[in-house]
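> See query19.txt below, with compact mmCIF, C-alpha atoms.
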```
# COMPACT_ATOMS: atom_id res chain seq x y z
CA MET N 234 -19.15 -10.54 4.59
CA ARG N 235 -16.56 -9.87 1.94
CA PHE N 236 -15.51 -6.33 1.10
CA MET N 237 -13.17 -4.89 -1.48
CA MET N 238 -11.02 -1.98 -0.45
CA LEU N 239 -10.35 -0.23 -3.75
CA MET N 240 -7.25 1.95 -3.75
CA ILE N 241 -7.72 5.05 -5.94
CA PRO N 242 -4.48 7.06 -6.17
CA LYS N 243 -5.11 10.52 -7.66
CA GLY N 244 -2.65 11.16 -10.45
CA TYR N 245 -2.30 7.49 -11.36
CA GLU N 246 -4.63 8.11 -14.34
CA THR N 247 -1.72 9.88 -16.07
CA ALA N 248 1.17 7.75 -14.72
CA ALA N 249 3.71 6.59 -17.31
CA PRO N 250 4.20 2.89 -18.09
CA GLY N 251 6.69 1.39 -15.66
CA THR N 252 5.68 3.62 -12.75
CA VAL N 253 6.16 1.71 -9.47
CA PRO N 254 5.64 2.86 -5.88
CA ASP N 255 8.78 3.84 -3.96
CA ALA N 256 10.45 1.53 -1.45
CA ALA N 257 9.35 3.44 1.69
CA ALA N 258 5.69 3.34 0.59
CA VAL N 259 5.95 -0.36 -0.23
CA ALA N 260 7.54 -1.11 3.16
CA ALA N 261 4.77 0.74 5.03
CA MET N 262 2.10 -0.99 2.96
CA MET N 263 3.65 -4.41 3.55
CA LYS N 264 3.40 -3.86 7.32
CA TYR N 265 -0.26 -2.98 6.90
CA ASN N 266 -0.81 -6.04 4.66
CA GLU N 267 0.79 -8.21 7.30
CA SER N 268 -1.51 -6.79 9.99
CA LEU N 269 -4.54 -7.66 7.82
CA GLN N 270 -3.16 -11.14 7.32
CA LYS N 271 -2.40 -11.67 11.03
CA ALA N 272 -5.94 -10.60 11.91
CA GLY N 273 -7.16 -13.32 9.54
CA VAL N 274 -9.20 -10.95 7.38
CA LEU N 275 -7.08 -10.83 4.20
CA LEU N 276 -8.36 -12.95 1.27
CA ALA N 277 -6.51 -11.42 -1.68
CA LEU N 278 -4.61 -8.31 -2.76
CA ASP N 279 -3.12 -7.03 -5.98
CA GLY N 280 -1.58 -3.92 -7.48
CA LEU N 281 -2.32 -2.80 -11.04
CA HIS N 282 0.02 -1.44 -13.69
CA PRO N 283 -0.81 2.17 -14.71
CA PRO N 284 -3.76 2.60 -17.11
CA SER N 285 -1.30 3.86 -19.75
CA THR N 286 -0.45 0.18 -20.37
CA GLY N 287 -4.10 -0.93 -20.27
CA ALA N 288 -7.07 -0.90 -22.62
CA ARG N 289 -10.79 -0.27 -22.50
CA VAL N 290 -13.44 -2.13 -24.46
CA THR N 291 -16.82 -0.50 -25.10
CA PHE N 292 -19.70 -1.94 -27.11
CA PRO N 293 -21.34 0.85 -29.14
CA GLY N 294 -24.15 -0.63 -31.21
CA GLY N 295 -23.27 -4.06 -29.82
CA LYS N 296 -19.83 -4.14 -31.46
CA PRO N 297 -16.61 -4.18 -29.42
CA LYS N 298 -14.40 -1.12 -29.73
CA VAL N 299 -10.92 -1.15 -28.17
CA THR N 300 -9.23 2.01 -26.86
CA ASP N 301 -5.66 1.82 -25.56
CA GLY N 302 -4.66 3.69 -22.41
CA PRO N 303 -4.02 6.23 -21.07
CA PHE N 304 -7.65 7.32 -20.93
CA ALA N 305 -7.83 11.08 -21.39
CA GLU N 306 -11.25 11.50 -19.80
CA ALA N 307 -10.49 9.43 -16.67
CA LYS N 308 -10.73 11.43 -13.45
CA GLU N 309 -9.85 8.51 -11.23
CA VAL N 310 -8.55 4.98 -11.77
CA LEU N 311 -7.92 1.90 -9.72
CA GLY N 312 -4.40 1.36 -8.42
CA GLY N 313 -5.00 -1.88 -6.57
CA TYR N 314 -7.30 -3.62 -4.12
CA TRP N 315 -7.59 -5.76 -1.03
CA MET N 316 -10.32 -8.37 -0.59
CA ILE N 317 -11.18 -8.84 3.06
CA GLN N 318 -13.56 -11.00 5.08
CA VAL N 319 -15.05 -9.09 8.02
CA LYS N 320 -18.16 -9.10 10.20
CA SER N 321 -19.58 -5.71 9.21
CA ARG N 322 -19.30 -2.68 6.96
CA GLU N 323 -18.00 -0.75 9.99
CA GLU N 324 -15.16 -3.20 10.45
CA ALA N 325 -14.26 -2.84 6.75
CA ILE N 326 -14.21 0.97 7.06
CA GLU N 327 -12.14 0.64 10.23
CA TRP N 328 -9.51 -1.40 8.35
CA ALA N 329 -9.50 1.07 5.44
CA SER N 330 -8.94 3.94 7.90
CA ARG N 331 -5.81 2.23 9.26
CA CYS N 332 -4.14 2.09 5.85
CA PRO N 333 -0.87 4.08 5.63
CA ALA N 334 -2.26 5.92 2.61
CA SER N 335 -0.97 9.27 1.39
CA GLU N 336 -2.86 12.54 0.86
CA ASN N 337 -3.64 11.79 -2.78
CA GLU N 338 -5.17 8.39 -2.12
CA ILE N 339 -8.78 7.38 -1.57
CA ILE N 340 -9.96 3.95 -0.47
CA GLU N 341 -13.43 2.97 -1.61
CA VAL N 342 -15.04 0.25 0.50
CA ARG N 343 -17.53 -1.94 -1.40
CA GLN N 344 -19.35 -5.08 -0.36
CA VAL N 345 -18.94 -8.13 -2.61
CA GLN N 346 -22.11 -9.82 -3.81
CA GLU N 347 -22.69 -13.31 -2.45
CA MET N 348 -25.06 -15.77 -4.07
CA SER N 349 -27.38 -15.45 -1.07
CA ASP N 350 -27.81 -11.71 -1.84
CA PHE N 351 -29.75 -12.56 -5.02
CA PRO N 352 -33.44 -13.45 -5.36
CA PRO N 353 -34.18 -17.20 -5.81
CA ASP N 354 -34.78 -17.01 -9.59
CA VAL N 355 -31.43 -15.29 -10.14
CA GLN N 356 -29.71 -17.83 -7.89
CA GLU N 357 -31.17 -20.60 -10.03
CA ALA N 358 -30.07 -18.99 -13.29
CA ALA N 359 -26.55 -18.52 -11.91
CA ALA N 360 -26.38 -22.02 -10.42
CA GLY N 361 -23.03 -23.64 -10.94
CA PHE N 362 -20.99 -20.46 -10.70
CA ALA N 363 -19.52 -21.30 -7.30
CA GLU N 364 -18.74 -24.78 -8.56
CA MET N 365 -17.11 -23.21 -11.61
CA GLN N 366 -14.91 -21.07 -9.37
CA MET N 367 -13.88 -24.18 -7.44
CA LYS N 368 -13.07 -25.89 -10.73
CA SER N 369 -10.86 -22.98 -11.70
CA GLY N 370 -8.90 -23.70 -8.53
CA HIS N 371 -10.09 -20.64 -6.67
CA SER N 372 -12.66 -20.39 -3.96
CA PRO N 373 -14.83 -17.24 -4.11
CA GLY N 374 -12.75 -14.23 -3.30
CA ALA N 375 -9.43 -15.78 -4.13
CA MET V 288 0.44 -12.56 -17.11
CA LYS V 289 -2.42 -11.76 -14.83
CA PHE V 290 -4.99 -9.17 -15.88
CA MET V 291 -7.87 -7.59 -14.02
CA ILE V 292 -10.90 -7.00 -16.23
CA ILE V 293 -12.86 -4.25 -14.54
CA MET V 294 -16.56 -4.00 -15.31
CA LYS V 295 -17.46 -0.32 -15.01
CA ALA V 296 -20.71 0.73 -13.38
CA ASN V 297 -23.71 2.18 -15.19
CA LYS V 298 -27.15 3.43 -14.14
CA ASP V 299 -28.51 -0.12 -13.86
CA THR V 300 -25.70 -1.56 -11.75
CA GLU V 301 -25.81 1.48 -9.47
CA ALA V 302 -29.60 1.13 -9.12
CA GLY V 303 -29.21 -2.55 -8.25
CA VAL V 304 -31.20 -3.68 -11.33
CA MET V 305 -30.91 -7.45 -11.74
CA PRO V 306 -29.75 -8.72 -15.14
CA SER V 307 -32.31 -10.66 -17.21
CA GLU V 308 -32.38 -14.45 -17.16
CA GLN V 309 -30.97 -14.43 -20.69
CA ALA V 310 -28.09 -12.20 -19.63
CA LEU V 311 -27.31 -14.44 -16.66
CA THR V 312 -27.40 -17.55 -18.83
CA GLN V 313 -25.10 -16.04 -21.44
CA MET V 314 -22.72 -14.73 -18.79
CA GLY V 315 -22.73 -18.17 -17.17
CA ASN V 316 -21.80 -19.74 -20.50
CA PHE V 317 -19.06 -17.17 -21.07
CA ASN V 318 -17.65 -17.81 -17.58
CA GLU V 319 -17.69 -21.53 -18.27
CA GLU V 320 -15.70 -20.95 -21.47
CA LEU V 321 -13.15 -18.94 -19.47
CA VAL V 322 -12.83 -21.77 -16.95
CA ASN V 323 -12.53 -24.39 -19.69
CA ALA V 324 -9.82 -22.32 -21.38
CA GLY V 325 -7.97 -22.30 -18.06
CA ILE V 326 -7.72 -18.51 -17.81
CA MET V 327 -10.31 -17.75 -15.11
CA LEU V 328 -8.79 -17.01 -11.70
CA ALA V 329 -11.67 -15.14 -10.06
CA GLY V 330 -14.79 -13.16 -10.77
CA GLU V 331 -16.92 -11.06 -8.44
CA GLY V 332 -19.72 -8.53 -8.51
CA LEU V 333 -20.02 -5.60 -6.11
CA HIS V 334 -23.04 -4.13 -4.38
CA PRO V 335 -23.95 -0.60 -5.62
CA SER V 336 -21.86 2.29 -4.32
CA SER V 337 -24.89 3.49 -2.31
CA LYS V 338 -24.00 0.76 0.20
CA GLY V 339 -20.31 1.63 0.16
CA ALA V 340 -18.04 4.29 1.65
CA ARG V 341 -14.89 6.20 0.81
CA VAL V 342 -12.00 6.97 3.10
CA LYS V 343 -9.85 10.01 2.28
CA PHE V 344 -6.55 10.74 3.95
CA SER V 345 -6.06 14.47 3.54
CA GLY V 346 -4.20 16.04 6.46
CA GLY V 347 -3.09 12.57 7.53
CA LYS V 348 -6.43 11.77 9.14
CA PRO V 349 -8.94 9.38 7.62
CA ALA V 350 -12.28 11.00 6.72
CA VAL V 351 -15.19 8.72 5.84
CA THR V 352 -17.88 9.62 3.26
CA ASP V 353 -20.86 7.33 2.68
CA GLY V 354 -21.96 6.39 -0.85
CA PRO V 355 -23.47 6.71 -3.40
CA PHE V 356 -20.74 8.43 -5.43
CA SER V 357 -21.73 10.61 -8.35
CA GLU V 358 -19.16 9.72 -11.03
CA THR V 359 -21.05 6.58 -12.08
CA LYS V 360 -18.88 5.89 -15.13
CA GLU V 361 -15.73 5.83 -13.03
CA LEU V 362 -17.15 3.38 -10.52
CA ILE V 363 -16.64 -0.37 -10.52
CA ALA V 364 -19.47 -2.91 -10.72
CA GLY V 365 -17.38 -6.07 -10.72
CA PHE V 366 -14.30 -7.74 -12.09
CA TRP V 367 -12.68 -10.85 -13.51
CA MET V 368 -9.12 -11.95 -12.90
CA TRP V 369 -7.62 -13.74 -15.92
CA GLU V 370 -4.30 -15.52 -16.49
CA VAL V 371 -3.37 -15.04 -20.16
CA LYS V 372 -0.23 -14.89 -22.31
CA SER V 373 -0.59 -11.27 -23.45
CA LYS V 374 -2.64 -8.10 -23.25
CA GLU V 375 -3.92 -8.92 -26.76
CA GLU V 376 -5.32 -12.23 -25.54
CA ALA V 377 -7.10 -10.45 -22.68
CA VAL V 378 -8.54 -7.90 -25.15
CA GLU V 379 -9.75 -10.70 -27.46
CA TRP V 380 -11.60 -12.39 -24.60
CA ALA V 381 -13.03 -9.07 -23.38
CA LYS V 382 -14.47 -8.38 -26.85
CA ARG V 383 -16.58 -11.51 -26.45
CA ILE V 384 -18.27 -10.51 -23.17
CA PRO V 385 -22.00 -11.10 -23.81
CA ASN V 386 -24.47 -8.22 -23.56
CA PRO V 387 -27.92 -9.51 -24.54
CA ASP V 388 -29.69 -6.69 -22.67
CA GLY V 389 -27.92 -4.15 -24.90
CA THR V 390 -26.93 -2.00 -21.95
CA ASP V 391 -24.21 0.61 -22.28
CA PHE V 392 -21.15 -0.89 -20.66
CA GLU V 393 -17.40 -0.64 -20.58
CA VAL V 394 -14.62 -2.87 -19.32
CA GLU V 395 -11.10 -1.80 -18.47
CA ILE V 396 -8.18 -4.20 -18.87
CA ARG V 397 -5.29 -3.73 -16.47
CA GLN V 398 -2.19 -5.84 -15.91
CA VAL V 399 -1.59 -6.98 -12.36
CA PHE V 400 1.85 -6.33 -10.83
CA ALA V 401 4.06 -9.35 -10.32
CA ALA V 402 7.26 -9.38 -8.24
CA GLU V 403 9.41 -9.36 -11.41
CA ASP V 404 7.89 -6.01 -12.46
CA PHE V 405 9.74 -4.28 -9.64
CA GLY V 406 13.38 -3.26 -9.65
CA ALA V 407 15.91 -2.93 -6.86
CA GLU V 408 13.44 -0.89 -4.75
CA PHE V 409 11.74 -4.19 -4.03
CA THR V 410 14.46 -5.51 -1.73
CA PRO V 411 15.09 -9.23 -1.14
CA GLU V 412 13.60 -8.79 2.36
CA ALA V 413 10.45 -7.21 0.95
CA ARG V 414 10.18 -9.94 -1.70
CA GLU V 415 10.48 -12.60 0.95
CA GLN V 416 7.84 -10.89 3.09
CA GLU V 417 5.52 -10.68 0.07
CA GLU V 418 6.00 -14.37 -0.75
CA ARG V 419 5.38 -15.36 2.86
CA LEU V 420 2.18 -13.32 2.90
CA ARG V 421 0.86 -14.89 -0.31
CA GLU V 422 1.69 -18.39 0.90
CA ARG V 423 -0.20 -17.81 4.13
CA ILE V 424 -3.22 -16.39 2.27
CA ALA V 425 -3.19 -19.36 -0.10
CA SER V 426 -2.96 -21.87 2.74
CA LYS V 427 -6.09 -20.35 4.31
CA GLN V 428 -8.21 -21.31 1.32
```
Go ahead and express the file in the form of structure tokens.


Amino acid sequence: MRFMMLMIPKGYETAAPGTVPDAAAVAAMMKYNESLQKAGVLLALDGLHPPSTGARVTFPGGKPKVTDGPFAEAKEVLGGYWMIQVKSREEAIEWASRCPASENEIIEVRQVQEMSDFPPDVQEAAAGFAEMQMKSGHSPGA
Amino acid sequence: MKFMIIMKANKDTEAGVMPSEQALTQMGNFNEELVNAGIMLAGEGLHPSSKGARVKFSGGKPAVTDGPFSETKELIAGFWMWEVKSKEEAVEWAKRIPNPDGTDFEVEIRQVFAAEDFGAEFTPEAREQEERLRERIASKQ
């Protein structure tokens, strides 16, 4: 089973462009990342620039509308994620609990949909997606 | 530049409502265009938050709360990872995301950190460790 551990740092919704984590936090996180990797559960990980450099697209009345960040109404935003391959939801929560996170951070643990989770008619309609991911040079979860 | 295109949740995604056949077909075609354009790195959907959990770290101890989580609009339903030349290019592609079911949806476009985005805080040792880690993840696939 694949899970995403979504890192939600409170306060990041108002962080200025160019905000980066400090060296001590990065060092602690790298140790944690290495432990995930050594256990063979780590599939992918990334950090995201603050939302102040991002954009949102909504589709009112079917037409795209672009709003540049920061997003005034946002109460929480994504700071980064890990994609892990584990045997159970409990194992995913166990890994999230070991993260050297600070007081202001929340990790949301969410299972990734696999093709086999869908009913047969949906699987048929989505046929070729896995192949498409292979073609793009990335296996699912990469 | 790598961008994460975050599909925000809505009532339907949180309720586990399956998209229509038309929606799946159009999304399949859109994904194929992304692959053909050489910008698609990954794309995944997530199970509703009712099956998830949150871990908070107040007081230094992890506390686990089971889903669902009430702020539906802040939640994530899925994502794409795209390699493009600029934020503008990512926005242009995002504007073309099909929505035949006419559901209320929002995507958020966020640049992914690369090693060159960090300054001196990211020491040569840390950079090397990061590179090693990524190489080992890549070799697993």

> Could you work out which residues of chain N fall inside 6 Å of chain V? Count only C-alpha atoms, and format the result as a list in words.

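That gives the following set of residues: Ala256, Gly280, Leu281, His282, Gly287, Ala288, Arg289, Val290, Thr291, Pro297, Ser330, Glu336, Ile339, Ile340, Glu341, Val342, Arg343, Gln344, Val345, Gln346 and Ser369 of chain N.
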
> Grab the atom CA of N:Pro283 to atom CA of N:Arg322 distance for me, in Å with one decimal place.

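Rounded to one decimal, the two atoms are 28.9 Å apart.
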
> Kindly indicate which residue among N:Glu323, N:Glu267, N:Glu246, N:Glu306 lies nearest to N:Pro284, using only C-alpha atoms for the distances.

N:Glu246

> Quote the spacing between atom CA of N:Ala257 and atom CA of N:Met237 in Å to one decimal place.

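Here the two named atoms are 24.2 Å from each other.
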
> I want to know what sits within 6 Å of V:Met288, based on all atoms listed in the file, with residues of the same chain fewer than 2 positions away left out; could you give that as a ChimeraX atom specification?

/V:370-372

> Only C-alpha atoms, please: the residues just picked out, written as a PDB file, keeping the file's coordinate frame.


```
ATOM      1  CA  GLU V 370      -4.300 -15.520 -16.490  1.00  0.00           C
ATOM      2  CA  VAL V 371      -3.370 -15.040 -20.160  1.00  0.00           C
ATOM      3  CA  LYS V 372      -0.230 -14.890 -22.310  1.00  0.00           C
TER       4      LYS V 372
END
```

> What gap, in Å, lies between atom CA of N:Thr252 and atom CA of N:Ala277?

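Atom CA of N:Ala277 lies 22.3 Å from atom CA of N:Thr252.
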
> Report, as AutoDock Vina command-line options, the centre and edge lengths in Å (one decimal) of the axis-aligned box enclosing every listed atom of stretch 269-272 of chain N, padded by 8 Å on each side.


```
--center_x -4.2 --center_y -9.7 --center_z 9.6 --size_x 19.5 --size_y 20.0 --size_z 20.6
```

> Measuring between all atoms listed in the file, which one of N:Gln318, N:Thr286, N:Thr300, N:Asn337 shows the shortest distance to N:Met238?

N:Gln318
